[in-house]
$ cat query07.txt   # compact mmCIF, C-alpha atoms
# COMPACT_ATOMS: atom_id res chain seq x y z
CA MET A 1 -5.44 -15.27 -36.63
CA PRO A 2 -7.74 -12.78 -34.81
CA SER A 3 -10.63 -11.29 -36.77
CA THR A 4 -10.81 -7.58 -37.57
CA ILE A 5 -13.46 -7.10 -34.88
CA VAL A 6 -11.19 -8.60 -32.20
CA LEU A 7 -8.26 -6.50 -33.38
CA LYS A 8 -10.34 -3.30 -33.29
CA ARG A 9 -11.41 -4.08 -29.74
CA ARG A 10 -7.81 -4.70 -28.67
CA ILE A 11 -6.62 -1.46 -30.22
CA SER A 12 -9.43 0.49 -28.56
CA SER A 13 -8.67 -1.10 -25.17
CA ILE A 14 -4.95 -0.40 -25.44
CA ARG A 15 -5.60 3.22 -26.42
CA SER A 16 -7.75 3.67 -23.33
CA THR A 17 -5.01 2.17 -21.18
CA ARG A 18 -2.42 4.43 -22.80
CA GLN A 19 -4.51 7.49 -21.94
CA ILE A 20 -4.54 6.42 -18.29
CA THR A 21 -0.82 5.69 -18.09
CA LYS A 22 0.02 8.93 -19.91
CA ALA A 23 -2.06 10.90 -17.42
CA MET A 24 -0.38 9.09 -14.52
CA GLU A 25 3.03 9.87 -16.01
CA LEU A 26 2.25 13.59 -16.15
CA VAL A 27 0.88 13.61 -12.60
CA SER A 28 3.93 11.73 -11.28
CA ALA A 29 6.28 14.12 -13.07
CA SER A 30 4.57 17.09 -11.44
CA LYS A 31 4.65 15.48 -7.99
CA LEU A 32 8.26 14.43 -8.47
CA ARG A 33 9.42 18.02 -8.96
CA ARG A 34 7.89 19.09 -5.65
CA ALA A 35 9.06 16.01 -3.77
CA GLN A 36 12.59 16.32 -5.14
CA ALA A 37 12.78 19.97 -4.07
CA MET A 38 11.63 19.07 -0.53
CA THR A 39 14.11 16.20 -0.32
CA GLU A 40 17.09 18.27 -1.41
CA ARG A 41 16.26 21.12 0.97
CA SER A 42 15.95 18.74 3.91
CA ARG A 43 19.25 16.95 3.30
CA ALA A 44 21.22 19.92 4.64
CA TYR A 45 19.28 19.76 7.90
CA GLN A 46 20.04 16.06 8.29
CA GLU A 47 23.73 16.67 7.67
CA LEU A 48 23.82 19.40 10.33
CA ALA A 49 22.02 17.13 12.78
CA TYR A 50 24.60 14.41 12.16
CA GLU A 51 27.43 16.90 12.70
CA LEU A 52 25.89 17.89 16.02
CA LEU A 53 25.79 14.21 17.00
CA GLN A 54 29.51 14.00 16.24
CA ARG A 55 30.15 16.94 18.55
CA LEU A 56 28.11 15.33 21.32
CA SER A 57 29.73 11.93 20.94
CA ILE A 58 32.98 13.13 22.58
CA LEU A 59 31.15 13.61 25.89
CA PRO A 60 31.75 10.88 28.48
CA GLU A 61 28.03 10.85 29.33
CA VAL A 62 27.25 9.50 25.87
CA SER A 63 28.85 6.11 26.54
CA THR A 64 26.32 5.36 29.29
CA HIS A 65 23.24 6.90 27.69
CA PRO A 66 20.55 4.27 26.82
CA MET A 67 20.20 5.52 23.25
CA PHE A 68 23.93 5.02 22.61
CA THR A 69 24.51 1.81 24.59
CA GLU A 70 24.58 -1.41 22.60
CA ARG A 71 22.51 -4.24 24.02
CA GLN A 72 22.35 -7.94 23.35
CA VAL A 73 19.86 -8.08 20.50
CA LYS A 74 16.99 -10.47 21.16
CA SER A 75 14.35 -8.52 19.26
CA ARG A 76 14.82 -6.13 16.35
CA LEU A 77 12.32 -3.62 14.98
CA TYR A 78 12.19 -2.62 11.31
CA VAL A 79 10.48 0.52 10.04
CA VAL A 80 9.67 -0.17 6.38
CA ILE A 81 8.52 2.58 4.02
CA THR A 82 6.52 1.53 0.94
CA SER A 83 3.64 2.93 -1.11
CA ASN A 84 -0.11 2.52 -1.07
CA SER A 85 -0.47 1.81 -4.79
CA GLY A 86 1.35 -0.05 -7.51
CA LEU A 87 2.48 0.92 -11.01
CA ALA A 88 5.78 2.08 -9.53
CA GLY A 89 8.14 -0.39 -11.15
CA ALA A 90 10.42 -2.17 -8.68
CA TYR A 91 10.02 0.48 -5.97
CA ASN A 92 8.14 -1.72 -3.50
CA SER A 93 9.72 -5.04 -4.46
CA ASN A 94 13.25 -3.72 -3.86
CA VAL A 95 12.31 -2.66 -0.33
CA GLU A 96 10.68 -6.04 0.27
CA LYS A 97 13.80 -7.86 -0.93
CA GLN A 98 15.96 -5.90 1.51
CA LEU A 99 13.54 -6.68 4.34
CA ILE A 100 13.63 -10.40 3.50
CA LYS A 101 17.44 -10.32 3.56
CA GLN A 102 17.38 -8.81 7.05
CA LEU A 103 14.71 -11.24 8.27
CA ILE A 104 16.81 -14.20 7.11
CA ARG A 105 19.73 -12.77 9.08
CA ASP A 106 17.55 -12.52 12.19
CA ARG A 107 16.30 -16.08 11.83
CA ASP A 108 19.83 -17.38 11.51
CA THR A 109 20.88 -15.53 14.68
CA LYS A 110 17.68 -16.40 16.61
CA VAL A 111 16.54 -12.78 16.80
CA LYS A 112 12.84 -11.98 16.92
CA SER A 113 11.67 -9.63 14.15
CA LYS A 114 9.08 -6.89 14.51
CA VAL A 115 7.92 -4.58 11.74
CA ILE A 116 6.23 -1.20 11.47
CA VAL A 117 5.10 -0.49 7.92
CA VAL A 118 4.28 2.74 6.13
CA GLY A 119 2.05 1.96 3.13
CA ASN A 120 -0.39 -0.82 2.30
CA LYS A 121 1.92 -2.57 -0.17
CA GLY A 122 4.44 -3.30 2.55
CA ALA A 123 1.70 -4.34 4.98
CA GLN A 124 0.30 -6.87 2.50
CA PHE A 125 3.78 -8.30 2.02
CA VAL A 126 4.57 -8.59 5.74
CA ARG A 127 1.24 -10.29 6.48
CA ARG A 128 2.22 -13.09 4.11
CA GLN A 129 5.44 -13.80 6.04
CA ARG A 130 5.75 -16.18 8.95
CA ASP A 131 7.18 -15.54 12.42
CA ILE A 132 7.04 -11.75 12.06
CA GLU A 133 5.14 -9.46 14.40
CA LEU A 134 3.45 -6.60 12.56
CA LEU A 135 3.21 -3.88 15.19
CA ALA A 136 1.52 -1.12 13.20
CA VAL A 137 0.62 0.08 9.72
CA TYR A 138 0.72 3.78 8.87
CA GLN A 139 -0.76 5.30 5.77
CA PRO A 140 1.66 7.27 3.56
CA PHE A 141 2.01 10.85 4.72
CA GLY A 142 0.82 12.48 1.50
CA ASP A 143 2.60 14.61 -1.07
CA ALA A 144 3.41 17.36 1.45
CA PRO A 145 4.24 15.62 4.75
CA THR A 146 4.94 17.61 7.90
CA ALA A 147 6.77 16.85 11.12
CA GLU A 148 3.42 16.38 12.84
CA ASN A 149 2.58 13.57 10.42
CA ILE A 150 5.55 11.45 11.49
CA ARG A 151 5.30 12.25 15.21
CA PRO A 152 3.09 9.20 16.00
CA LEU A 153 5.59 6.95 14.20
CA LEU A 154 8.49 8.51 16.13
CA THR A 155 6.63 8.05 19.43
CA THR A 156 5.99 4.37 18.73
CA VAL A 157 9.61 3.76 17.78
CA LEU A 158 10.97 5.43 20.91
CA GLU A 159 8.49 3.63 23.17
CA GLN A 160 9.50 0.25 21.78
CA TYR A 161 13.17 0.98 22.45
CA ASN A 162 12.92 2.83 25.76
CA ASP A 163 10.57 0.21 27.23
CA GLY A 164 13.05 -2.54 26.35
CA LYS A 165 10.68 -4.31 23.94
CA VAL A 166 13.36 -4.21 21.23
CA GLU A 167 17.13 -3.86 21.46
CA ALA A 168 17.76 -2.47 17.96
CA ILE A 169 15.79 -0.48 15.38
CA GLU A 170 16.48 -0.15 11.66
CA ILE A 171 14.66 1.76 8.95
CA ILE A 172 14.43 0.45 5.39
CA TYR A 173 13.61 3.04 2.75
CA THR A 174 14.54 4.18 -0.76
CA THR A 175 17.02 6.99 -1.38
CA PHE A 176 16.29 9.25 -4.33
CA VAL A 177 19.28 9.53 -6.67
CA SER A 178 17.54 10.55 -9.87
CA ALA A 179 14.26 9.99 -11.69
CA ILE A 180 15.63 6.78 -13.19
CA ARG A 181 17.68 5.61 -10.23
CA GLN A 182 16.62 4.89 -6.66
CA GLN A 183 18.62 2.98 -4.07
CA VAL A 184 17.30 0.98 -1.12
CA GLU A 185 18.93 1.84 2.22
CA ASP A 186 18.96 0.00 5.52
CA MET A 187 19.90 2.49 8.23
CA ALA A 188 20.32 1.84 11.96
CA LEU A 189 18.23 4.18 14.11
CA LEU A 190 18.85 2.85 17.62
CA PRO A 191 21.18 2.45 19.34
CA VAL A 192 22.81 5.51 17.82
CA GLU A 193 26.08 4.67 16.11
CA VAL A 194 28.86 7.00 17.28
CA PRO A 195 31.13 8.03 14.37
CA LEU A 196 34.66 6.65 14.59
CA ASP A 197 36.23 9.49 12.61
CA ASN A 198 35.38 12.13 15.16
CA HIS A 199 37.70 15.12 14.85
CA PHE A 200 35.93 17.46 17.26
CA THR A 201 37.85 18.32 20.43
CA THR A 202 35.85 21.14 21.99
CA ILE A 203 32.34 21.29 23.31
CA SER A 204 30.09 24.05 24.58
CA THR A 205 28.54 24.54 27.99
CA PHE A 206 25.10 22.93 28.22
CA GLU A 207 21.98 24.17 29.96
CA PRO A 208 20.21 22.84 31.93
CA ASP A 209 22.57 19.83 31.93
CA VAL A 210 24.40 17.47 29.59
CA GLU A 211 21.99 14.54 30.07
CA THR A 212 18.94 16.59 29.12
CA VAL A 213 20.65 18.00 26.05
CA ILE A 214 21.77 14.55 24.90
CA GLU A 215 18.23 13.20 25.34
CA GLN A 216 16.58 16.03 23.41
CA VAL A 217 19.16 16.28 20.64
CA THR A 218 19.25 12.51 20.08
CA THR A 219 15.46 12.40 19.84
CA ARG A 220 15.48 15.23 17.30
CA LEU A 221 18.23 13.49 15.34
CA ILE A 222 16.17 10.30 15.10
CA GLU A 223 13.21 12.39 14.02
CA ALA A 224 15.36 14.03 11.34
CA GLN A 225 16.47 10.62 10.06
CA ILE A 226 12.89 9.34 9.84
CA TRP A 227 11.76 12.60 8.26
CA GLN A 228 14.48 12.43 5.62
CA ALA A 229 13.71 8.76 4.92
CA VAL A 230 10.05 9.67 4.32
CA LEU A 231 10.99 12.47 1.91
CA GLU A 232 13.53 10.32 0.07
CA SER A 233 10.97 7.53 -0.30
CA LEU A 234 8.31 9.94 -1.54
CA ALA A 235 10.56 11.33 -4.27
CA SER A 236 11.71 7.80 -5.17
CA GLU A 237 8.13 6.57 -5.47
CA HIS A 238 7.13 9.39 -7.83
CA GLY A 239 10.29 8.90 -9.88
CA ALA A 240 9.76 5.16 -10.17
CA ARG A 241 6.09 5.62 -11.06
CA MET A 242 6.86 8.25 -13.68
CA VAL A 243 9.35 5.94 -15.40
CA ALA A 244 7.06 2.89 -15.09
CA THR A 245 4.03 4.66 -16.56
CA LYS A 246 6.15 6.15 -19.35
CA ASN A 247 7.37 2.66 -20.24
CA ALA A 248 3.78 1.41 -20.13
CA SER A 249 2.67 4.21 -22.47
CA ASP A 250 5.53 3.46 -24.87
CA ASN A 251 4.70 -0.25 -24.84
CA ALA A 252 1.05 0.55 -25.50
CA SER A 253 2.03 2.66 -28.51
CA GLU A 254 4.12 -0.21 -29.88
CA LEU A 255 1.25 -2.64 -29.41
CA ILE A 256 -1.14 -0.29 -31.19
CA LYS A 257 1.26 -0.09 -34.14
CA ASP A 258 1.58 -3.88 -34.28
CA TYR A 259 -2.16 -4.51 -34.03
CA THR A 260 -2.90 -1.76 -36.57
CA LEU A 261 -0.50 -3.38 -39.01
CA GLU A 262 -2.14 -6.76 -38.38
CA LEU A 263 -5.60 -5.19 -38.82
CA ASN A 264 -4.60 -3.64 -42.14
CA SER A 265 -3.24 -6.99 -43.29
CA GLU A 266 -6.51 -8.68 -42.34
CA ARG A 267 -8.48 -6.04 -44.23
CA GLN A 268 -6.27 -6.43 -47.29
CA ALA A 269 -6.64 -10.20 -47.15
CA ALA A 270 -10.42 -9.87 -46.89
CA ILE A 271 -10.55 -7.47 -49.85
CA THR A 272 -8.32 -9.75 -51.91
CA GLN A 273 -10.54 -12.71 -51.05
CA GLU A 274 -13.67 -10.81 -52.10
CA LEU A 275 -12.09 -9.74 -55.39
CA ALA A 276 -11.03 -13.31 -56.09
CA GLU A 277 -14.56 -14.53 -55.43
CA ILE A 278 -16.08 -11.85 -57.68
CA THR A 279 -13.59 -12.59 -60.46
CA GLY A 280 -14.19 -16.32 -60.15
CA GLY A 281 -17.96 -15.83 -60.23
CA ALA A 282 -17.74 -13.62 -63.31
CA GLU A 283 -15.59 -16.12 -65.14
CA ALA A 284 -18.01 -18.88 -64.27
CA LEU A 285 -20.92 -16.90 -65.71
CA ASN A 286 -19.02 -16.04 -68.87
CA GLY A 287 -18.05 -19.63 -69.33
$ encode --input "query07.txt" --output "structure tokens"
Amino acid sequence: MPSTIVLKRRISSIRSTRQITKAMELVSASKLRRAQAMTERSRAYQELAYELLQRLSILPEVSTHPMFTERQVKSRLYVVITSNSGLAGAYNSNVEKQLIKQLIRDRDTKVKSKVIVVGNKGAQFVRRQRDIELLAVYQPFGDAPTAENIRPLLTTVLEQYNDGKVEAIEIIYTTFVSAIRQQVEDMALLPVEVPLDNHFTTISTFEPDVETVIEQVTTRLIEAQIWQAVLESLASEHGARMVATKNASDNASELIKDYTLELNSERQAAITQELAEITGGAEALNG
């Protein structure tokens, strides 16, 4: 059984750890409120962009546009959004599991896999895999990302597709549902999937021409999808970290209680032993 000195050191160490996890929990809760507000405000924009795509999809020019035309997939690009740091529960591992599932599918169908990663955790994971080309690693875009932050990522994605280096692009990220629930999504970016339940029958006159409008709107739609994925992932990361650090703080408190109880028992046993020795010594002297 550990000595009282060892138990005191363990209790002190756990208390220090609990202070750190408690501070991280409070910071994550504060960041989560801001990230959740940004995510919810941006969802309306993404929905409107998708509705505009539905309106455009009835045009005959769409069927021949490169961004809408399906190709024989020989190489697929994945954009994977993870975090830079840990202590976020299963946030990163769930994304990695989804990526592995897609990579297995590609290997079975003889499709070459390429990956662009946001966050060091995802980059470390991809580097450990075989037969995967890691094209680029982007640092997370901070707690208040802007459209300018994701522009380099958007440019790289479009260049890979427009230059014919890949025939399909998917983005793997985490959708924020609540602070205790996040869901991994695998969304196709390119080619653009035309909705089957299209109920629009009228279309406006375009200037300067239909082709230019389709090109610009589709690019903005892809940007909106990436932007929303970044915001969803940011809120999910803060939510997962808040819950994980709260659980760590609660576990630390339970350990402190257990070790304190064990320490008190050790002290009581030591006191009892000393009393027994004193009593035995006194009886020996009296005898």
$ closest_residue --input "query07.txt" --among "A:Asp106, A:Glu148, A:Glu170, A:Asp186" --to "A:Ile132" --atoms "all atoms listed in the file"
A:Asp106
$ closest_residue --input "query07.txt" --among "A:Leu32, A:Leu231, A:Leu26, A:Arg10" --to "A:Thr146" --atoms "all atoms listed in the file"
A:Leu231
$ atom_distance --input "query07.txt" --atom1 "atom CA of A:Thr156" --atom2 "atom CA of A:Leu135"
9.4 Å
$ atom_distance --input "query07.txt" --atom1 "atom CA of A:Tyr78" --atom2 "atom CA of A:Glu47"
22.8 Å
$ closest_residue --input "query07.txt" --among "A:Leu53, A:Arg18, A:Ser236, A:Lys112" --to "A:Phe68" --atoms "only C-alpha atoms"
A:Leu53
$ closest_residue --input "query07.txt" --among "A:Ala224, A:Leu56, A:Leu261, A:Ile20" --to "A:Leu87" --atoms "all atoms listed in the file"
A:Ile20
$ atom_distance --input "query07.txt" --atom1 "atom CA of A:Arg33" --atom2 "atom CA of A:Gly239"
9.2 Å
$ closest_residue --input "query07.txt" --among "A:Lys31, A:His65, A:Lys8, A:Lys110" --to "A:Glu211" --atoms "all atoms listed in the file"
A:His65
$ residues_around --input "query07.txt" --residues "A:Arg71" --least-positions-apart "6" --cutoff "10 Å" --atoms "all atoms listed in the file" --output "PDB file with C-alpha atoms, in the coordinates of the input"
ATOM      1  CA  GLY A 164      13.050  -2.540  26.350  1.00  0.00           C
ATOM      2  CA  VAL A 166      13.360  -4.210  21.230  1.00  0.00           C
ATOM      3  CA  GLU A 167      17.130  -3.860  21.460  1.00  0.00           C
ATOM      4  CA  ALA A 168      17.760  -2.470  17.960  1.00  0.00           C
ATOM      5  CA  PRO A 191      21.180   2.450  19.340  1.00  0.00           C
TER       6      PRO A 191
END
$ closest_residue --input "query07.txt" --among "A:Ala136, A:Leu189, A:Leu234, A:Ile116" --to "A:Asn92" --atoms "only C-alpha atoms"
A:Leu234
$ residues_around --input "query07.txt" --residues "A:Thr4" --least-positions-apart "4" --cutoff "8 Å" --atoms "all atoms listed in the file" --output "list of chain:residue names"
A:Lys8, A:Leu263, A:Glu266, A:Arg267
$ residues_around --input "query07.txt" --residues "A:Gln139" --least-positions-apart "6" --cutoff "12 Å" --atoms "only C-alpha atoms" --output "ChimeraX atom specification"
/A:80-85,116-123,145,149-150,152-153,230
$ residues_around --input "query07.txt" --residues "A:Val111" --least-positions-apart "6" --cutoff "8 Å" --atoms "all atoms listed in the file" --output "list in words"
Val73, Lys74, Ser75 and Arg76 of chain A
$ build_atoms --input "query07.txt" --residues "stretch 225-254 of chain A" --atoms "N, CA and C atoms" --output "PDB file, in the coordinates of the input"
ATOM      1  N   GLN A 225      16.170  11.770  10.910  1.00  0.00           N
ATOM      2  CA  GLN A 225      16.470  10.620  10.060  1.00  0.00           C
ATOM      3  C   GLN A 225      15.192  10.016   9.480  1.00  0.00           C
ATOM      4  N   ILE A 226      14.166   9.877  10.331  1.00  0.00           N
ATOM      5  CA  ILE A 226      12.890   9.340   9.840  1.00  0.00           C
ATOM      6  C   ILE A 226      12.271  10.294   8.832  1.00  0.00           C
ATOM      7  N   TRP A 227      12.316  11.575   9.150  1.00  0.00           N
ATOM      8  CA  TRP A 227      11.760  12.600   8.260  1.00  0.00           C
ATOM      9  C   TRP A 227      12.431  12.553   6.892  1.00  0.00           C
ATOM     10  N   GLN A 228      13.766  12.471   6.884  1.00  0.00           N
ATOM     11  CA  GLN A 228      14.480  12.430   5.620  1.00  0.00           C
ATOM     12  C   GLN A 228      14.173  11.146   4.860  1.00  0.00           C
ATOM     13  N   ALA A 229      14.043  10.029   5.568  1.00  0.00           N
ATOM     14  CA  ALA A 229      13.710   8.760   4.920  1.00  0.00           C
ATOM     15  C   ALA A 229      12.340   8.830   4.251  1.00  0.00           C
ATOM     16  N   VAL A 230      11.385   9.502   4.903  1.00  0.00           N
ATOM     17  CA  VAL A 230      10.050   9.670   4.320  1.00  0.00           C
ATOM     18  C   VAL A 230      10.125  10.505   3.046  1.00  0.00           C
ATOM     19  N   LEU A 231      10.874  11.598   3.094  1.00  0.00           N
ATOM     20  CA  LEU A 231      10.990  12.470   1.910  1.00  0.00           C
ATOM     21  C   LEU A 231      11.721  11.763   0.772  1.00  0.00           C
ATOM     22  N   GLU A 232      12.791  11.049   1.102  1.00  0.00           N
ATOM     23  CA  GLU A 232      13.530  10.320   0.070  1.00  0.00           C
ATOM     24  C   GLU A 232      12.631   9.271  -0.586  1.00  0.00           C
ATOM     25  N   SER A 233      11.862   8.567   0.233  1.00  0.00           N
ATOM     26  CA  SER A 233      10.970   7.530  -0.300  1.00  0.00           C
ATOM     27  C   SER A 233       9.879   8.125  -1.167  1.00  0.00           C
ATOM     28  N   LEU A 234       9.364   9.286  -0.754  1.00  0.00           N
ATOM     29  CA  LEU A 234       8.310   9.940  -1.540  1.00  0.00           C
ATOM     30  C   LEU A 234       8.817  10.318  -2.923  1.00  0.00           C
ATOM     31  N   ALA A 235       9.988  10.954  -2.972  1.00  0.00           N
ATOM     32  CA  ALA A 235      10.560  11.330  -4.270  1.00  0.00           C
ATOM     33  C   ALA A 235      10.880  10.085  -5.100  1.00  0.00           C
ATOM     34  N   SER A 236      11.383   9.034  -4.453  1.00  0.00           N
ATOM     35  CA  SER A 236      11.710   7.800  -5.170  1.00  0.00           C
ATOM     36  C   SER A 236      10.466   7.150  -5.750  1.00  0.00           C
ATOM     37  N   GLU A 237       9.378   7.164  -4.982  1.00  0.00           N
ATOM     38  CA  GLU A 237       8.130   6.570  -5.470  1.00  0.00           C
ATOM     39  C   GLU A 237       7.629   7.299  -6.716  1.00  0.00           C
ATOM     40  N   HIS A 238       7.619   8.625  -6.675  1.00  0.00           N
ATOM     41  CA  HIS A 238       7.130   9.390  -7.830  1.00  0.00           C
ATOM     42  C   HIS A 238       8.054   9.198  -9.031  1.00  0.00           C
ATOM     43  N   GLY A 239       9.366   9.135  -8.777  1.00  0.00           N
ATOM     44  CA  GLY A 239      10.290   8.900  -9.880  1.00  0.00           C
ATOM     45  C   GLY A 239      10.100   7.541 -10.512  1.00  0.00           C
ATOM     46  N   ALA A 240       9.961   6.516  -9.664  1.00  0.00           N
ATOM     47  CA  ALA A 240       9.760   5.160 -10.170  1.00  0.00           C
ATOM     48  C   ALA A 240       8.429   5.041 -10.913  1.00  0.00           C
ATOM     49  N   ARG A 241       7.391   5.692 -10.392  1.00  0.00           N
ATOM     50  CA  ARG A 241       6.090   5.620 -11.060  1.00  0.00           C
ATOM     51  C   ARG A 241       6.105   6.377 -12.376  1.00  0.00           C
ATOM     52  N   MET A 242       6.776   7.498 -12.431  1.00  0.00           N
ATOM     53  CA  MET A 242       6.860   8.250 -13.680  1.00  0.00           C
ATOM     54  C   MET A 242       7.528   7.418 -14.767  1.00  0.00           C
ATOM     55  N   VAL A 243       8.637   6.762 -14.429  1.00  0.00           N
ATOM     56  CA  VAL A 243       9.350   5.940 -15.400  1.00  0.00           C
ATOM     57  C   VAL A 243       8.510   4.725 -15.799  1.00  0.00           C
ATOM     58  N   ALA A 244       7.862   4.086 -14.806  1.00  0.00           N
ATOM     59  CA  ALA A 244       7.060   2.890 -15.090  1.00  0.00           C
ATOM     60  C   ALA A 244       5.882   3.209 -16.000  1.00  0.00           C
ATOM     61  N   THR A 245       5.185   4.307 -15.718  1.00  0.00           N
ATOM     62  CA  THR A 245       4.030   4.660 -16.560  1.00  0.00           C
ATOM     63  C   THR A 245       4.471   5.133 -17.948  1.00  0.00           C
ATOM     64  N   LYS A 246       5.637   5.777 -18.035  1.00  0.00           N
ATOM     65  CA  LYS A 246       6.150   6.150 -19.350  1.00  0.00           C
ATOM     66  C   LYS A 246       6.465   4.905 -20.175  1.00  0.00           C
ATOM     67  N   ASN A 247       7.098   3.919 -19.535  1.00  0.00           N
ATOM     68  CA  ASN A 247       7.370   2.660 -20.240  1.00  0.00           C
ATOM     69  C   ASN A 247       6.082   1.967 -20.658  1.00  0.00           C
ATOM     70  N   ALA A 248       5.067   2.024 -19.791  1.00  0.00           N
ATOM     71  CA  ALA A 248       3.780   1.410 -20.130  1.00  0.00           C
ATOM     72  C   ALA A 248       3.138   2.124 -21.316  1.00  0.00           C
ATOM     73  N   SER A 249       3.225   3.452 -21.339  1.00  0.00           N
ATOM     74  CA  SER A 249       2.670   4.210 -22.470  1.00  0.00           C
ATOM     75  C   SER A 249       3.409   3.887 -23.764  1.00  0.00           C
ATOM     76  N   ASP A 250       4.740   3.796 -23.680  1.00  0.00           N
ATOM     77  CA  ASP A 250       5.530   3.460 -24.870  1.00  0.00           C
ATOM     78  C   ASP A 250       5.201   2.053 -25.368  1.00  0.00           C
ATOM     79  N   ASN A 251       5.056   1.118 -24.446  1.00  0.00           N
ATOM     80  CA  ASN A 251       4.700  -0.250 -24.840  1.00  0.00           C
ATOM     81  C   ASN A 251       3.313  -0.297 -25.469  1.00  0.00           C
ATOM     82  N   ALA A 252       2.393   0.503 -24.928  1.00  0.00           N
ATOM     83  CA  ALA A 252       1.050   0.550 -25.500  1.00  0.00           C
ATOM     84  C   ALA A 252       1.087   1.088 -26.927  1.00  0.00           C
ATOM     85  N   SER A 253       1.904   2.097 -27.153  1.00  0.00           N
ATOM     86  CA  SER A 253       2.030   2.660 -28.510  1.00  0.00           C
ATOM     87  C   SER A 253       2.589   1.622 -29.480  1.00  0.00           C
ATOM     88  N   GLU A 254       3.557   0.843 -29.024  1.00  0.00           N
ATOM     89  CA  GLU A 254       4.120  -0.210 -29.880  1.00  0.00           C
ATOM     90  C   GLU A 254       3.085  -1.278 -30.186  1.00  0.00           C
TER      91      GLU A 254
END
